[in-house]
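A.B. asks: Here you go, this is run12.cif (mmCIF, C-alpha atoms).
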```
data_work
loop_
_atom_site.label_atom_id
_atom_site.label_comp_id
_atom_site.auth_asym_id
_atom_site.auth_seq_id
_atom_site.Cartn_x
_atom_site.Cartn_y
_atom_site.Cartn_z
CA MET A 941 22.06 5.60 -62.05
CA ASN A 942 21.72 1.93 -62.88
CA LEU A 943 24.37 2.36 -65.55
CA HIS A 944 26.75 3.78 -62.99
CA LEU A 945 26.16 0.87 -60.67
CA PHE A 946 26.68 -1.55 -63.52
CA LEU A 947 30.00 0.06 -64.43
CA PHE A 948 31.05 0.05 -60.79
CA PHE A 949 30.38 -3.67 -60.43
CA CYS A 950 32.17 -4.34 -63.71
CA CYS A 951 35.24 -2.51 -62.43
CA ILE A 952 35.15 -4.42 -59.15
CA THR A 953 34.81 -7.70 -61.03
CA ALA A 954 37.71 -6.81 -63.30
CA LEU A 955 39.90 -5.88 -60.34
CA LYS A 956 39.02 -9.13 -58.62
CA ALA A 957 39.86 -11.10 -61.75
CA GLU A 958 43.19 -9.31 -62.17
CA MET A 959 44.35 -10.07 -58.61
CA MET A 960 47.77 -11.69 -59.00
CA PHE A 961 50.32 -13.12 -56.60
CA THR A 962 53.96 -13.79 -57.46
CA LYS A 963 55.98 -16.23 -55.37
CA ASN A 964 59.24 -18.15 -55.67
CA GLU A 965 59.57 -21.90 -55.95
CA GLY A 966 59.61 -23.55 -52.55
CA GLU A 967 57.78 -20.70 -50.86
CA ASP A 968 54.28 -20.84 -49.37
CA LEU A 969 51.30 -18.85 -50.59
CA LYS A 970 49.23 -17.48 -47.69
CA ILE A 971 46.35 -15.15 -48.59
CA SER A 972 43.01 -14.13 -47.12
CA PHE A 973 39.78 -12.70 -48.52
CA SER A 974 36.92 -10.85 -46.86
CA ILE A 975 34.10 -13.24 -47.73
CA ALA A 976 31.01 -13.62 -45.52
CA ARG A 977 30.10 -17.13 -44.47
CA LYS A 978 27.43 -18.74 -42.34
CA GLU A 979 27.84 -21.84 -40.23
CA GLY A 980 27.57 -24.93 -42.43
CA ASP A 981 28.26 -23.14 -45.74
CA ARG A 982 30.65 -24.99 -48.03
CA MET A 983 34.15 -23.55 -48.51
CA TYR A 984 36.23 -24.55 -51.49
CA LEU A 985 39.42 -23.93 -53.48
CA CYS A 986 39.60 -24.86 -57.16
CA ARG A 987 41.61 -24.20 -60.33
CA ASN A 988 40.79 -23.06 -63.84
CA THR A 989 37.02 -23.26 -64.53
CA CYS A 990 36.27 -25.01 -61.24
CA LYS A 991 34.72 -28.11 -62.75
CA LYS A 992 34.38 -31.12 -60.50
CA GLU A 993 37.84 -32.40 -61.42
CA ASP A 994 39.30 -28.93 -60.74
CA ILE A 995 38.28 -28.83 -57.07
CA LEU A 996 41.40 -29.04 -54.91
CA ILE A 997 39.80 -28.94 -51.47
CA GLU A 998 36.39 -28.28 -49.88
CA THR A 999 34.64 -28.57 -46.50
CA ASN A 1000 31.48 -27.66 -44.59
CA GLY A 1001 33.54 -27.12 -41.44
CA ASN A 1002 35.78 -24.26 -40.40
CA ARG A 1003 39.04 -25.83 -41.52
CA VAL A 1004 40.34 -28.57 -43.81
CA GLN A 1005 43.75 -29.61 -45.11
CA SER A 1006 44.60 -31.94 -47.98
CA GLY A 1007 48.22 -32.34 -49.03
CA ARG A 1008 49.68 -28.90 -49.68
CA TYR A 1009 46.30 -27.13 -49.62
CA THR A 1010 44.56 -25.64 -46.57
CA ILE A 1011 41.47 -23.46 -46.21
CA ARG A 1012 39.97 -22.15 -42.97
CA TYR A 1013 37.44 -19.57 -41.92
CA ASP A 1014 37.95 -17.09 -39.09
CA SER A 1015 36.01 -13.91 -39.94
CA ASP A 1016 37.89 -14.04 -43.27
CA LEU A 1017 38.60 -16.90 -45.65
CA TYR A 1018 42.25 -18.01 -45.47
CA VAL A 1019 43.96 -20.00 -48.22
CA THR A 1020 47.39 -21.65 -47.99
CA ILE A 1021 49.39 -23.54 -50.63
CA THR A 1022 52.78 -24.78 -49.41
CA GLU A 1023 56.03 -25.62 -51.19
CA LEU A 1024 55.10 -24.03 -54.49
CA THR A 1025 56.41 -25.41 -57.78
CA LYS A 1026 56.26 -24.18 -61.36
CA THR A 1027 53.27 -26.50 -61.95
CA ASP A 1028 51.24 -24.43 -59.46
CA MET A 1029 51.12 -21.51 -61.87
CA GLY A 1030 47.63 -20.67 -63.08
CA ARG A 1031 44.20 -19.31 -62.20
CA TYR A 1032 42.37 -20.17 -58.95
CA ARG A 1033 39.08 -19.50 -57.27
CA CYS A 1034 38.18 -19.74 -53.60
CA GLY A 1035 34.74 -19.12 -52.21
CA VAL A 1036 31.73 -19.93 -50.06
CA SER A 1037 28.63 -21.68 -51.35
CA ASN A 1038 25.27 -22.28 -49.70
CA GLY A 1039 23.54 -23.64 -52.80
CA SER A 1040 21.85 -20.35 -53.61
CA SER A 1041 22.51 -17.38 -55.83
CA SER A 1042 24.25 -15.57 -52.97
CA ASP A 1043 27.46 -17.56 -53.35
CA SER A 1044 30.64 -15.50 -52.85
CA SER A 1045 33.97 -16.20 -54.50
CA GLN A 1046 37.28 -14.62 -55.39
CA ASP A 1047 39.42 -15.34 -58.46
CA PHE A 1048 43.17 -14.85 -58.44
CA GLU A 1049 46.19 -15.76 -60.53
CA LEU A 1050 49.39 -17.29 -59.21
CA ARG A 1051 52.80 -16.86 -60.80
CA VAL A 1052 55.72 -18.97 -59.59
CA ARG A 1053 59.30 -17.92 -60.31
CA GLU A 1054 62.30 -20.21 -60.22
CA LEU A 1055 64.07 -19.76 -56.92
CA CYS A 1056 67.44 -19.54 -58.66
CA GLU A 1057 66.71 -18.04 -62.08
CA GLY A 1058 70.22 -16.90 -62.90
CA GLU A 1059 73.52 -18.77 -62.85
CA VAL A 1060 74.19 -20.62 -59.61
CA THR A 1061 77.67 -19.82 -58.33
CA SER A 1062 79.80 -22.06 -56.13
CA GLY A 1063 80.62 -20.97 -52.60
CA LYS A 1064 84.19 -20.85 -51.22
CA PRO A 1065 84.84 -23.18 -49.57
CA ARG A 1066 82.34 -25.34 -51.38
CA VAL A 1067 82.24 -28.13 -48.78
CA TYR A 1068 81.77 -27.57 -45.04
CA ASN A 1069 82.64 -30.44 -42.67
CA SER A 1070 81.14 -30.85 -39.23
CA ILE A 1071 80.04 -33.46 -36.70
CA GLU A 1072 76.60 -34.46 -35.49
CA GLY A 1073 75.35 -31.97 -32.94
CA GLY A 1074 77.63 -29.24 -34.28
CA SER A 1075 76.83 -26.15 -36.31
CA VAL A 1076 77.86 -24.56 -39.61
CA THR A 1077 77.94 -20.87 -40.57
CA VAL A 1078 78.25 -20.07 -44.27
CA THR A 1079 79.03 -16.64 -45.70
CA CYS A 1080 77.01 -16.12 -48.87
CA SER A 1081 78.96 -13.71 -51.07
CA LEU A 1082 75.96 -12.25 -52.87
CA SER A 1083 75.28 -8.56 -53.29
CA ALA A 1084 71.98 -7.63 -51.69
CA ALA A 1085 70.33 -4.63 -50.15
CA GLU A 1086 68.95 -5.12 -46.67
CA GLN A 1087 65.36 -5.00 -47.96
CA ASN A 1088 65.99 -7.77 -50.53
CA LYS A 1089 64.59 -11.16 -49.64
CA LYS A 1090 67.32 -13.58 -48.53
CA PHE A 1091 66.64 -17.30 -48.32
CA LEU A 1092 68.11 -20.76 -47.70
CA CYS A 1093 66.92 -23.94 -49.41
CA LYS A 1094 68.18 -27.51 -49.88
CA GLU A 1095 68.86 -29.79 -52.87
CA GLN A 1096 66.49 -28.82 -55.72
CA CYS A 1097 65.10 -26.00 -53.59
CA ASN A 1098 61.51 -27.28 -53.57
CA LYS A 1099 61.23 -26.01 -50.02
CA VAL A 1100 62.53 -22.82 -48.45
CA LEU A 1101 64.07 -23.50 -45.04
CA ILE A 1102 64.14 -19.85 -43.99
CA GLU A 1103 63.66 -16.45 -45.65
CA THR A 1104 63.78 -12.87 -44.45
CA ASN A 1105 64.16 -9.28 -45.65
CA SER A 1106 66.74 -8.48 -42.99
CA LYS A 1107 67.68 -11.09 -40.38
CA ALA A 1108 65.69 -13.89 -38.80
CA LYS A 1109 65.85 -17.15 -36.84
CA SER A 1110 63.53 -20.12 -37.39
CA ASP A 1111 64.02 -23.44 -35.63
CA ARG A 1112 67.65 -24.43 -36.30
CA TYR A 1113 68.16 -21.96 -39.16
CA SER A 1114 69.12 -18.30 -39.03
CA ILE A 1115 70.07 -15.54 -41.46
CA ASP A 1116 72.16 -12.55 -40.42
CA TYR A 1117 72.61 -9.62 -42.79
CA GLY A 1118 76.25 -8.55 -42.92
CA SER A 1119 76.54 -5.87 -45.60
CA ARG A 1120 75.55 -5.19 -49.20
CA ARG A 1121 78.17 -7.74 -50.26
CA PHE A 1122 77.35 -10.73 -48.08
CA PHE A 1123 75.05 -12.30 -45.49
CA ASN A 1124 75.50 -15.32 -43.20
CA VAL A 1125 73.33 -18.41 -42.86
CA THR A 1126 73.70 -20.74 -39.86
CA ILE A 1127 72.42 -24.26 -39.21
CA THR A 1128 72.72 -25.57 -35.63
CA GLN A 1129 72.27 -28.98 -33.94
CA LEU A 1130 73.23 -30.79 -37.12
CA THR A 1131 71.98 -34.33 -37.76
CA LYS A 1132 72.88 -36.86 -40.45
CA SER A 1133 69.86 -35.81 -42.49
CA ASP A 1134 71.40 -32.34 -42.80
CA SER A 1135 74.12 -33.68 -45.12
CA GLY A 1136 73.69 -32.56 -48.71
CA ARG A 1137 73.72 -29.60 -51.09
CA TYR A 1138 72.26 -26.21 -50.17
CA ARG A 1139 71.62 -22.90 -51.87
CA CYS A 1140 71.52 -19.47 -50.29
CA GLY A 1141 70.05 -16.77 -52.46
CA VAL A 1142 68.68 -13.29 -52.96
CA GLY A 1143 65.17 -12.69 -54.31
CA ARG A 1144 64.51 -9.58 -56.38
CA GLN A 1145 61.27 -8.20 -57.74
CA MET A 1146 62.65 -6.44 -60.79
CA SER A 1147 65.50 -8.76 -61.78
CA GLN A 1148 66.57 -12.39 -61.58
CA ASN A 1149 67.14 -14.15 -58.30
CA THR A 1150 70.78 -15.10 -57.64
CA CYS A 1151 72.00 -18.13 -55.73
CA GLU A 1152 75.19 -19.61 -54.31
CA GLU A 1153 75.63 -23.35 -53.75
CA PHE A 1154 77.54 -25.17 -51.01
CA GLU A 1155 77.64 -28.62 -49.44
CA ILE A 1156 77.62 -29.93 -45.86
CA THR A 1157 79.13 -33.29 -44.88
CA LEU A 1158 78.79 -34.82 -41.43
CA THR A 1159 80.62 -37.49 -39.46
CA ASN A 1160 79.56 -39.28 -36.29
CA SER A 1161 80.47 -37.46 -33.10
CA TYR A 1162 82.66 -40.37 -31.99
CA THR A 1163 84.64 -40.59 -35.23
CA LEU A 1164 87.00 -37.73 -34.44
CA PRO A 1165 87.93 -38.96 -30.93
CA LEU A 1166 88.45 -42.43 -32.41
CA VAL A 1167 90.82 -41.08 -35.05
CA VAL A 1168 92.71 -39.08 -32.43
CA SER A 1169 92.92 -42.17 -30.22
CA LEU A 1170 94.29 -44.28 -33.07
CA VAL A 1171 96.90 -41.63 -33.90
CA VAL A 1172 98.00 -41.35 -30.27
CA THR A 1173 98.16 -45.15 -29.96
CA GLY A 1174 100.27 -45.35 -33.13
CA LEU A 1175 102.67 -42.68 -31.89
CA LEU A 1176 102.98 -44.39 -28.51
CA ALA A 1177 103.69 -47.76 -30.15
CA THR A 1178 106.36 -46.16 -32.36
CA PHE A 1179 107.96 -44.50 -29.34
CA LEU A 1180 108.04 -47.77 -27.39
CA LEU A 1181 109.55 -49.60 -30.36
CA LEU A 1182 112.28 -46.99 -30.75
CA LEU A 1183 112.94 -47.09 -27.00
CA TYR A 1184 113.22 -50.87 -27.12
CA LYS A 1185 115.68 -50.73 -30.04
CA TRP A 1186 117.72 -48.07 -28.27
CA LYS A 1187 117.98 -50.21 -25.13
CA ILE A 1188 119.04 -53.24 -27.17
CA ARG A 1189 121.71 -51.21 -28.96
CA THR A 1190 122.96 -49.72 -25.69
CA SER A 1191 123.19 -53.16 -24.02
CA SER A 1192 125.07 -54.55 -27.03
CA ASN A 1193 127.63 -51.76 -26.89
CA CYS A 1194 128.18 -52.33 -23.17
CA LEU A 1195 128.76 -56.06 -23.68
CA ASN A 1196 131.29 -55.41 -26.45
CA LYS A 1197 133.26 -53.05 -24.23
CA ARG A 1198 133.28 -55.47 -21.31
CA GLY A 1199 134.32 -58.41 -23.54
CA THR A 1200 137.46 -56.64 -24.83
CA SER A 1201 139.02 -55.02 -21.78
CA PRO A 1202 138.92 -57.89 -19.26
CA SER A 1203 140.49 -60.39 -21.71
CA ARG A 1204 143.53 -58.22 -22.08
CA ASN A 1205 143.94 -57.89 -18.30
CA THR A 1206 143.63 -61.61 -17.88
CA GLU A 1207 146.37 -62.22 -20.41
CA ALA A 1208 148.63 -59.81 -18.60
CA VAL A 1209 148.00 -61.51 -15.28
CA LEU A 1210 148.75 -64.93 -16.74
CA TYR A 1211 152.01 -63.78 -18.17
CA ASP A 1212 153.11 -61.87 -15.05
CA ASN A 1213 152.15 -64.55 -12.57
CA PRO A 1214 152.49 -67.93 -14.24
CA VAL A 1215 150.69 -70.73 -12.46
CA SER A 1216 153.04 -73.60 -11.49
CA THR A 1217 152.15 -77.09 -12.59
CA LEU A 1218 152.40 -80.16 -10.43
CA GLU A 1219 155.61 -81.12 -12.14
CA ASP A 1220 157.23 -77.80 -11.40
CA THR A 1221 156.25 -78.06 -7.76
CA THR A 1222 157.77 -81.52 -7.40
CA TYR A 1223 161.05 -80.42 -8.79
CA GLU A 1224 161.26 -77.46 -6.51
CA THR A 1225 160.88 -79.54 -3.35
CA LEU A 1226 163.60 -81.94 -4.29
CA GLY A 1227 166.50 -79.82 -3.14
CA PRO A 1228 169.85 -80.75 -1.61
CA HIS A 1229 168.18 -81.78 1.57
CA SER A 1230 165.48 -83.67 -0.10
CA SER A 1231 164.85 -87.42 0.13
CA TYR A 1232 167.30 -87.91 -2.71
CA ASP A 1233 170.13 -86.75 -0.37
CA THR A 1234 169.19 -89.02 2.50
CA ILE A 1235 168.86 -92.22 0.59
CA ASN A 1236 172.10 -94.13 0.74
CA PRO A 1237 172.73 -97.26 -1.22
CA GLN A 1238 173.24 -100.48 0.84
CA PRO A 1239 176.50 -102.40 0.34
CA SER A 1240 176.16 -105.63 -1.48
CA SER A 1241 176.70 -108.76 0.46
#
```
Write out the structure in this file as structure tokens.
C.D. replies:
Amino acid sequence: MNLHLFLFFCCITALKAEMMFTKNEGEDLKISFSIARKEGDRMYLCRNTCKKEDILIETNGNRVQSGRYTIRYDSDLYVTITELTKTDMGRYRCGVSNGSSSDSSQDFELRVRELCEGEVTSGKPRVYNSIEGGSVTVTCSLSAAEQNKKFLCKEQCNKVLIETNSKAKSDRYSIDYGSRRFFNVTITQLTKSDSGRYRCGVGRQMSQNTCEEFEITLTNSYTLPLVVSLVVTGLLATFLLLLYKWKIRTSSNCLNKRGTSPSRNTEAVLYDNPVSTLEDTTYETLGPHSSYDTINPQPSS
């Protein structure tokens, strides 16, 4: 009987030691264990052999957070490691200690896969332009079954912005499954900090993850109206300049026409009705009955 119990405990211990979790880079590890704990018992999370330098976090309270690590107790012991990287791969132990032989712990192993293991393709179009406060919807042309994990990350993908097995919405990000050939990711209420390179991808358990890369560029919300205003102002100035030149040309043509026609008429009038000079007038008045006729010479004495 004791042998059976011994074998049973050995099997349980082996199963506990073989507990393994596989996550992608940028994802969060959130696990819980059924471990009994009394008020004031120490909770801890450590790596490798759990020497003093291997302890990542510990507390005598019900919750503690340090950097990317969090442990809390609420009937069960909950462990969280956020924004996983390849350096997080390894063996861990979490447990409860009261300084006696009744300490309880659980060992587990963590594997971290690259978020984009295969070749990263370039989206079409590669660059999406928008303004602050606007939104962008990108069609990721990646084959995926509805149950495959779909995700969105930024830059080096050390943090997953949103992930889902079908469709989901989280804060300003959303994923909508279209078909086996594509799915859509949307970012709303864009700010300047949203500029940069992104990757949308498909996570698979039995094969490599695939990713597609695209870029978002933003301009200030007042830039577009300013450009439109400058264009309109330029067109208006050009129109006014052309109108001014047209008026000048029209006025010039009118003056040329008026300068030619009247001069000819004046010449005709001068030739048809010659103006008499003073001399001509004097001669005309000296007729037969003029003063020349009435002046008689006096006889000489």
A.B. asks: In the coordinate frame of the file, compute which residues have an atom within 12 Å of (39.3, -15.3, -46.8) when using only C-alpha atoms, and state them as a PyMOL selection string.
C.D. replies: chain A and resi 970-977+983-985+1002-1003+1010-1020+1033-1036+1044-1047
A.B. asks: What does the distance from CA of Phe1154 (chain A) to CA of Gly1063 (chain A) come to in Å, to one decimal?
C.D. replies: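 Going from CA of Phe1154 (chain A) over to CA of Gly1063 (chain A) covers 5.4 Å.
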A.B. asks: Taking all atoms listed in the file into account, which of A:Leu1092, A:Leu1180, A:Ile1127, A:Leu1055 comes nearest Thr1150 (chain A)?
C.D. replies: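 Using all atoms listed in the file, Thr1150 (chain A) sits closest to A:Leu1055.
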A.B. asks: Tell me, in Å to one decimal, how far CA of Met1029 (chain A) is from CA of Ile1102 (chain A).
C.D. replies: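 Distance between the two atoms: 22.2 Å.
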A.B. asks: Of the candidates A:Tyr1138, A:Lys992, A:Ser1191, A:Glu1155, which shows the shortest atom-to-atom distance to Pro1065 (chain A), using all atoms listed in the file?
C.D. replies: A:Glu1155
A.B. asks: Applied to this file, what does the PyMOL selection byres ((chain A and resi 1070-1084) around 6) return in terms of residues, put as JSON, numbers by chain?
C.D. replies: {"A": [1069, 1085, 1120, 1121, 1122, 1123, 1124, 1125, 1126, 1127, 1128, 1129, 1130, 1131, 1158, 1159, 1160, 1161]}
A.B. asks: In Å, rounded to a single decimal, give me how far CA of Lys1090 (chain A) is from CA of Thr1022 (chain A).
C.D. replies: 18.4 Å
A.B. asks: So which residues get picked by the PyMOL selection byres ((chain A and resi 1037) around 6) here, written as a PyMOL selection string?
C.D. replies: chain A and resi 981-982+1036+1038-1039+1043
A.B. asks: In terms of the shortest atom-to-atom distance over all atoms listed in the file, which of A:Gly966, A:Gly1118, A:Gly980, A:Gly1141 is closest to Cys1097 (chain A)?
C.D. replies: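 Nearest candidate to Cys1097 (chain A) out of A:Gly966, A:Gly1118, A:Gly980, A:Gly1141: A:Gly966.
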A.B. asks: Pick from A:Tyr1117, A:Tyr1032, A:Phe1048, A:Tyr1009: nearest to Gln1087 (chain A), with all atoms listed in the file counted?
C.D. replies: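 The answer is A:Tyr1117, which sits nearest to Gln1087 (chain A).
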